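Dropping query.tsv in here (TSV, C-alpha atoms):
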```tsv
chain	number	residue	atom	x	y	z
A	120	MET	CA	0.00	0.00	0.00
A	121	PHE	CA	2.61	2.55	1.04
A	122	ALA	CA	5.45	1.55	-1.27
A	123	GLU	CA	3.92	-0.03	-4.38
A	124	ASP	CA	0.61	1.73	-4.93
A	125	PRO	CA	0.92	5.29	-6.32
A	126	LEU	CA	-2.86	5.67	-6.47
A	127	PHE	CA	-2.99	5.28	-2.69
A	128	TRP	CA	-0.93	8.44	-2.24
A	129	LYS	CA	-2.71	10.17	-5.11
A	130	SER	CA	-6.13	9.55	-3.57
A	131	MET	CA	-4.85	10.54	-0.15
A	132	GLY	CA	-3.44	13.81	-1.48
A	133	ASN	CA	-6.65	14.62	-3.35
A	134	THR	CA	-8.70	13.98	-0.22
A	135	LEU	CA	-6.48	16.09	2.03
A	136	PHE	CA	-6.58	18.96	-0.48
A	137	TYR	CA	-10.36	18.74	-0.55
A	138	THR	CA	-10.60	18.57	3.24
A	139	LEU	CA	-8.26	21.49	3.92
A	140	LEU	CA	-10.28	23.78	1.66
A	141	SER	CA	-13.87	22.56	1.91
A	142	VAL	CA	-14.14	22.19	5.70
A	143	PRO	CA	-13.10	25.75	6.67
A	144	LEU	CA	-15.06	27.19	3.74
A	145	SER	CA	-18.21	25.29	4.70
A	146	LEU	CA	-17.85	26.21	8.38
A	147	VAL	CA	-17.44	29.92	7.73
A	148	THR	CA	-20.05	30.13	4.97
A	149	GLY	CA	-22.66	28.17	6.92
A	150	TYR	CA	-22.07	30.18	10.09
A	151	LEU	CA	-22.25	33.57	8.41
A	152	LEU	CA	-25.37	32.51	6.54
A	153	ALA	CA	-26.97	31.50	9.84
A	154	VAL	CA	-26.05	34.87	11.35
A	155	LEU	CA	-27.76	36.64	8.45
A	156	LEU	CA	-30.85	34.43	8.71
A	157	ASN	CA	-31.05	35.04	12.44
A	158	ALA	CA	-32.21	38.60	11.75
A	159	LYS	CA	-35.72	39.68	12.72
A	160	VAL	CA	-37.14	40.66	9.33
A	161	ARG	CA	-40.33	39.90	7.43
A	162	PHE	CA	-40.57	36.60	5.59
A	163	ILE	CA	-37.42	35.30	7.31
A	164	GLY	CA	-38.99	31.83	7.46
A	165	ILE	CA	-39.22	31.75	3.67
A	166	PHE	CA	-35.56	32.70	3.28
A	167	ARG	CA	-34.52	30.03	5.79
A	168	THR	CA	-36.50	27.42	3.88
A	169	ILE	CA	-34.96	28.46	0.55
A	170	PHE	CA	-31.43	28.08	1.88
A	171	TYR	CA	-32.19	24.81	3.66
A	172	LEU	CA	-33.97	22.97	0.82
A	173	PRO	CA	-30.84	22.21	-1.27
A	174	SER	CA	-29.40	20.17	1.62
A	175	ILE	CA	-32.23	17.62	1.41
A	176	VAL	CA	-31.90	17.05	-2.33
A	177	PRO	CA	-30.32	13.62	-3.01
A	178	THR	CA	-26.58	13.88	-3.59
A	179	VAL	CA	-26.71	12.06	-6.93
A	180	ALA	CA	-29.33	14.48	-8.28
A	181	THR	CA	-27.32	17.44	-7.00
A	182	SER	CA	-24.14	16.11	-8.61
A	183	LEU	CA	-25.87	15.64	-11.97
A	184	LEU	CA	-27.26	19.16	-11.78
A	185	TRP	CA	-23.86	20.70	-11.08
A	186	THR	CA	-22.26	18.58	-13.78
A	187	LEU	CA	-24.60	20.25	-16.27
A	188	ILE	CA	-23.93	23.70	-14.79
A	189	PHE	CA	-20.17	23.22	-15.20
A	190	GLN	CA	-20.41	21.60	-18.64
A	191	PRO	CA	-17.77	23.48	-20.71
A	192	ASN	CA	-19.76	23.88	-23.94
A	193	PHE	CA	-23.31	24.71	-22.84
A	194	GLY	CA	-23.12	25.03	-19.03
A	195	ILE	CA	-24.53	28.02	-17.20
A	196	ALA	CA	-21.23	28.74	-15.40
A	197	ASN	CA	-19.30	29.40	-18.61
A	198	ALA	CA	-22.26	31.27	-20.10
A	199	ILE	CA	-22.20	33.70	-17.16
A	200	LEU	CA	-18.43	34.13	-17.37
A	201	ASP	CA	-18.64	34.73	-21.11
A	202	PHE	CA	-21.45	37.26	-20.64
A	203	PHE	CA	-19.22	39.37	-18.38
A	204	GLY	CA	-16.20	38.96	-20.66
A	205	LEU	CA	-14.33	36.71	-18.23
A	206	PRO	CA	-12.26	33.68	-19.29
A	207	THR	CA	-14.16	30.40	-19.28
A	208	SER	CA	-12.95	27.10	-17.85
A	209	MET	CA	-13.11	23.39	-18.51
A	210	TRP	CA	-14.16	22.93	-14.87
A	211	LEU	CA	-14.63	19.19	-14.18
A	212	LEU	CA	-12.63	18.27	-17.28
A	213	SER	CA	-9.56	20.25	-16.18
A	214	GLU	CA	-6.85	18.72	-14.02
A	215	GLN	CA	-6.28	22.06	-12.29
A	216	MET	CA	-9.95	22.96	-11.76
A	217	VAL	CA	-11.68	19.67	-10.98
A	218	LYS	CA	-11.01	19.68	-7.22
A	219	PRO	CA	-11.87	23.40	-6.74
A	220	THR	CA	-15.04	22.77	-8.74
A	221	LEU	CA	-16.01	19.86	-6.48
A	222	ILE	CA	-15.39	22.10	-3.47
A	223	ILE	CA	-17.75	24.69	-4.94
A	224	MET	CA	-20.32	21.94	-5.46
A	225	SER	CA	-20.03	20.93	-1.79
A	226	LEU	CA	-21.25	24.37	-0.68
A	227	TRP	CA	-24.66	23.52	-2.13
A	228	GLY	CA	-25.42	21.54	1.03
A	229	ILE	CA	-24.45	24.07	3.71
A	230	GLY	CA	-28.12	24.52	4.57
A	231	GLY	CA	-28.01	21.52	6.89
A	232	GLY	CA	-25.22	23.02	8.97
A	233	MET	CA	-26.87	26.42	8.75
A	234	VAL	CA	-29.96	25.13	10.57
A	235	ILE	CA	-27.82	23.79	13.43
A	236	TYR	CA	-25.94	27.09	13.69
A	237	LEU	CA	-29.24	28.97	13.61
A	238	ALA	CA	-30.58	26.94	16.54
A	239	SER	CA	-27.49	27.74	18.61
A	240	LEU	CA	-27.62	31.44	17.72
A	241	GLN	CA	-31.18	31.67	18.98
A	242	GLU	CA	-30.05	30.30	22.35
A	243	VAL	CA	-27.64	33.17	22.97
A	244	PRO	CA	-29.08	35.21	25.90
A	245	VAL	CA	-30.31	38.62	24.76
A	246	SER	CA	-29.32	40.04	28.14
A	247	LEU	CA	-25.64	39.64	27.22
A	248	TYR	CA	-26.08	41.79	24.11
A	249	GLU	CA	-27.97	44.40	26.15
A	250	ALA	CA	-25.23	44.51	28.76
A	251	ALA	CA	-22.58	44.85	26.06
A	252	GLU	CA	-24.47	47.72	24.45
A	253	LEU	CA	-24.57	49.54	27.78
A	254	ASP	CA	-20.78	49.19	27.92
A	255	GLY	CA	-20.50	50.67	24.43
A	256	ALA	CA	-19.60	47.49	22.56
A	257	SER	CA	-19.78	47.62	18.77
A	258	THR	CA	-21.57	45.08	16.60
A	259	TRP	CA	-18.26	43.40	15.82
A	260	HIS	CA	-17.26	43.16	19.49
A	261	LYS	CA	-20.64	41.66	20.39
A	262	PHE	CA	-20.28	39.11	17.62
A	263	TRP	CA	-16.70	38.13	18.43
A	264	ASN	CA	-16.91	38.22	22.24
A	265	ILE	CA	-20.45	36.95	22.81
A	266	THR	CA	-21.91	35.17	19.79
A	267	VAL	CA	-18.87	33.15	18.74
A	268	PRO	CA	-17.85	31.90	22.25
A	269	ILE	CA	-21.36	30.86	23.23
A	270	THR	CA	-21.95	29.03	19.95
A	271	SER	CA	-18.44	27.52	19.93
A	272	PRO	CA	-19.66	24.03	21.02
A	273	VAL	CA	-21.79	23.87	17.86
A	274	ILE	CA	-18.92	25.18	15.74
A	275	PHE	CA	-16.71	22.49	17.25
A	276	PHE	CA	-19.31	19.81	16.52
A	277	GLN	CA	-19.63	20.99	12.93
A	278	LEU	CA	-15.84	20.95	12.58
A	279	ILE	CA	-15.64	17.32	13.67
A	280	MET	CA	-18.54	16.20	11.48
A	281	GLY	CA	-17.31	18.23	8.51
A	282	LEU	CA	-13.84	16.73	8.82
A	283	ILE	CA	-15.16	13.17	8.96
A	284	GLY	CA	-17.55	13.81	6.09
A	285	SER	CA	-14.93	15.40	3.83
A	286	LEU	CA	-12.56	12.46	4.33
A	287	GLN	CA	-15.34	10.22	3.03
A	288	VAL	CA	-16.28	12.29	-0.03
A	289	PHE	CA	-17.37	9.95	-2.80
A	290	THR	CA	-20.65	10.56	-4.62
A	291	GLN	CA	-19.90	13.94	-6.19
A	292	ALA	CA	-16.58	12.76	-7.62
A	293	TYR	CA	-18.03	9.46	-8.80
A	294	VAL	CA	-20.91	11.09	-10.65
A	295	ALA	CA	-18.89	14.01	-12.03
A	296	SER	CA	-16.15	11.75	-13.42
A	297	SER	CA	-18.53	8.99	-14.58
A	298	GLY	CA	-16.80	6.56	-12.22
A	299	THR	CA	-13.29	7.10	-13.64
A	300	GLY	CA	-11.73	9.49	-11.11
A	301	GLY	CA	-10.53	11.65	-13.97
A	302	PRO	CA	-9.13	13.70	-15.42
A	303	ASN	CA	-5.83	11.94	-14.75
A	304	TYR	CA	-7.06	10.71	-11.32
A	305	GLN	CA	-7.42	14.27	-10.02
A	306	SER	CA	-10.88	13.46	-8.62
A	307	MET	CA	-9.86	10.05	-7.29
A	308	PHE	CA	-10.61	10.56	-3.62
A	309	TYR	CA	-9.73	8.03	-0.94
A	310	VAL	CA	-13.16	6.44	-0.46
A	311	PHE	CA	-13.62	6.47	-4.24
A	312	TYR	CA	-10.41	4.45	-4.54
A	313	LEU	CA	-11.48	2.19	-1.67
A	314	TYR	CA	-14.76	1.52	-3.48
A	315	GLN	CA	-12.95	0.67	-6.70
A	316	GLN	CA	-10.63	-1.78	-4.99
A	317	GLY	CA	-13.34	-3.48	-2.96
A	318	PHE	CA	-16.35	-3.46	-5.26
A	319	ARG	CA	-15.10	-2.94	-8.80
A	320	PHE	CA	-11.88	-4.96	-8.85
A	321	PHE	CA	-13.06	-7.21	-5.96
A	322	ASN	CA	-9.78	-6.81	-4.08
A	323	GLN	CA	-11.78	-6.93	-0.88
A	324	GLY	CA	-8.84	-7.68	1.39
A	325	TYR	CA	-6.99	-4.63	0.09
A	326	GLY	CA	-10.19	-2.59	0.28
A	327	SER	CA	-10.57	-3.59	3.94
A	328	ALA	CA	-6.99	-2.52	4.61
A	329	LEU	CA	-7.72	0.85	3.02
A	330	ALA	CA	-10.80	1.17	5.23
A	331	TRP	CA	-8.73	0.49	8.36
A	332	VAL	CA	-6.22	3.16	7.34
A	333	LEU	CA	-9.07	5.63	6.90
A	334	PHE	CA	-10.46	4.69	10.32
A	335	LEU	CA	-7.07	5.31	11.96
A	336	ILE	CA	-6.68	8.67	10.18
A	337	VAL	CA	-10.12	9.81	11.32
A	338	LEU	CA	-9.41	8.58	14.86
A	339	VAL	CA	-6.05	10.38	15.11
A	340	LEU	CA	-7.39	13.64	13.65
A	341	THR	CA	-10.45	13.56	15.92
A	342	VAL	CA	-8.34	12.98	19.05
A	343	PHE	CA	-5.97	15.76	17.95
A	344	ILE	CA	-8.83	18.22	17.45
A	345	PHE	CA	-10.42	17.30	20.78
A	346	LYS	CA	-7.09	17.74	22.58
A	347	PHE	CA	-6.00	21.05	21.06
A	348	VAL	CA	-9.06	22.75	19.55
A	349	GLY	CA	-11.48	21.46	22.18
A	350	LYS	CA	-9.72	23.51	24.84
A	351	GLN	CA	-10.94	26.69	23.15
A	352	VAL	CA	-14.60	25.68	23.32
A	353	TYR	CA	-16.78	27.53	25.84
A	354	TYR	CA	-19.22	25.43	27.83
A	355	GLU	CA	-21.76	27.32	29.92
A	356	SER	CA	-21.80	26.37	33.58
A	357	GLY	CA	-24.88	24.56	34.80
A	358	ASP	CA	-24.87	26.51	38.10
```
Just give me the structure of the file as structure tokens.
Amino acid sequence: MFAEDPLFWKSMGNTLFYTLLSVPLSLVTGYLLAVLLNAKVRFIGIFRTIFYLPSIVPTVATSLLWTLIFQPNFGIANAILDFFGLPTSMWLLSEQMVKPTLIIMSLWGIGGGMVIYLASLQEVPVSLYEAAELDGASTWHKFWNITVPITSPVIFFQLIMGLIGSLQVFTQAYVASSGTGGPNYQSMFYVFYLYQQGFRFFNQGYGSALAWVLFLIVLVLTVFIFKFVGKQVYYESGD
């Protein structure tokens, strides 16, 4: 596995690249979206529903939709770029762009995390904001010193779940590449490769070994995050 299988390292590198970019991007985007949708304005329930609905669409259907959007010849993405006079791209057919494109596709489902963030934001005591206003705190100071610390347990939870989920990315890459992992194995993620070994080539012993390696990676990263990042999480006292 480590010495004689270049696709093992290729799939591992692709997955780490995807994880390092998609997890922070999803965390920040979902959280900021929840902050915006936490406002007290008319029809806010409709806006929340609109942003949440994409997260319940089946992943295969979503992947097919985005494959059409990023189709180089007649896709909407290139049509918009061409309309504004910007250079177009081959997107999923480009070795350089396929992973960034899949990361963009992953943002389609941030509505699920947004709902969890929204629930935590609504549990922040209003009295803390009122006290901060009396002390002359700005909107930014209230957000950074009250909102973020109190909702940090949910942010931490989303970090762990996002990390585990990104290390298991499969469906989008499988559908977008028609099961090939192309172009030139740039969308061959780790679980995609595990699936090929275990269920396409029927190397089920090797596939099981790959699964154990993934389990150990997830375990080590989770323990690391709990040990170092978990210390920064604020838990309200029950007293």
Could you list, as a list in words, every residue within 10 Å of A:Val288, counting all atoms listed in the file and ignoring same-chain residues fewer than 5 positions away?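 The residues satisfying every condition are Thr134, Tyr137, Thr138, Leu221, Ser225, Ile283, Tyr293, Met307, Phe308, Tyr309, Val310 and Phe311 of chain A.
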Calculate how many Å separate atom CA of A:Gln287 from atom CA of A:Phe136, rounding to one decimal.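 If I compute the distance from atom CA of A:Gln287 to atom CA of A:Phe136, I get 12.9 Å.
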Between atom CA of A:Gln241 and atom CA of A:Asn157, measure the distance and give it in Å to one decimal. 7.4 Å
Nearest candidate to A:Leu152 (options A:Tyr236, A:Thr207, A:His260, A:Ala180; using only C-alpha atoms): A:Tyr236
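Distances from A:Leu126, A:Ile165, A:Leu187, A:Ile229 to A:Leu146 were compared using only C-alpha atoms, and the smallest one belongs to A:Ile229.
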Which neighbours of A:Ala198 fall inside 12 Å, counting all atoms listed in the file, when residues of the same chain fewer than 5 positions from it are skipped, and could you give them as a list in words?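 Final neighbour list, sorted by chain and number: Leu187, Ile188, Phe189, Gln190, Pro191, Asn192, Phe193, Phe203, Gly204, Leu205, Pro206, Thr207 and Ser208 of chain A.
For the set A:Asn264, A:Ser130, A:Ser296, A:Ser174, the residue with the smallest atom-to-atom gap to A:Ser213 is A:Ser296, counting all atoms listed in the file.
For the atom pair formed by atom CA of A:Ile344 and atom CA of A:Ile279, the distance is 7.8 Å, given to one decimal.
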Determine the nearest neighbour of A:Leu140 from the options A:Ser239, A:Ser285, A:Gln215, A:Gln305, counting only C-alpha atoms.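 Checking each of A:Ser239, A:Ser285, A:Gln215, A:Gln305 against A:Leu140, counting only C-alpha atoms, the winner is A:Ser285.
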Is there a way to get, as a PyMOL selection string, all residues within 12 Å of the point (-30.2, 36.2, 9.3) in file coordinates, counting all atoms listed in the file? chain A and resi 149-167+170+233-234+236-238+240-241
Using all atoms listed in the file: which of A:Phe127, A:Gly284, A:Gly232, A:Met224 has the shortest distance to A:Thr148: A:Gly232
Can you work out which one of A:Pro302, A:Gly132, A:Thr168, A:Leu313 has the shortest atom-to-atom distance to A:Met209, counting only C-alpha atoms? A:Pro302
Excluding A:Leu282 and any residue of its chain fewer than 6 positions from it, enumerate the residues within 9 Å of it, using all atoms listed in the file, and give them as a PyMOL selection string. chain A and resi 138-139+142+337+340-341
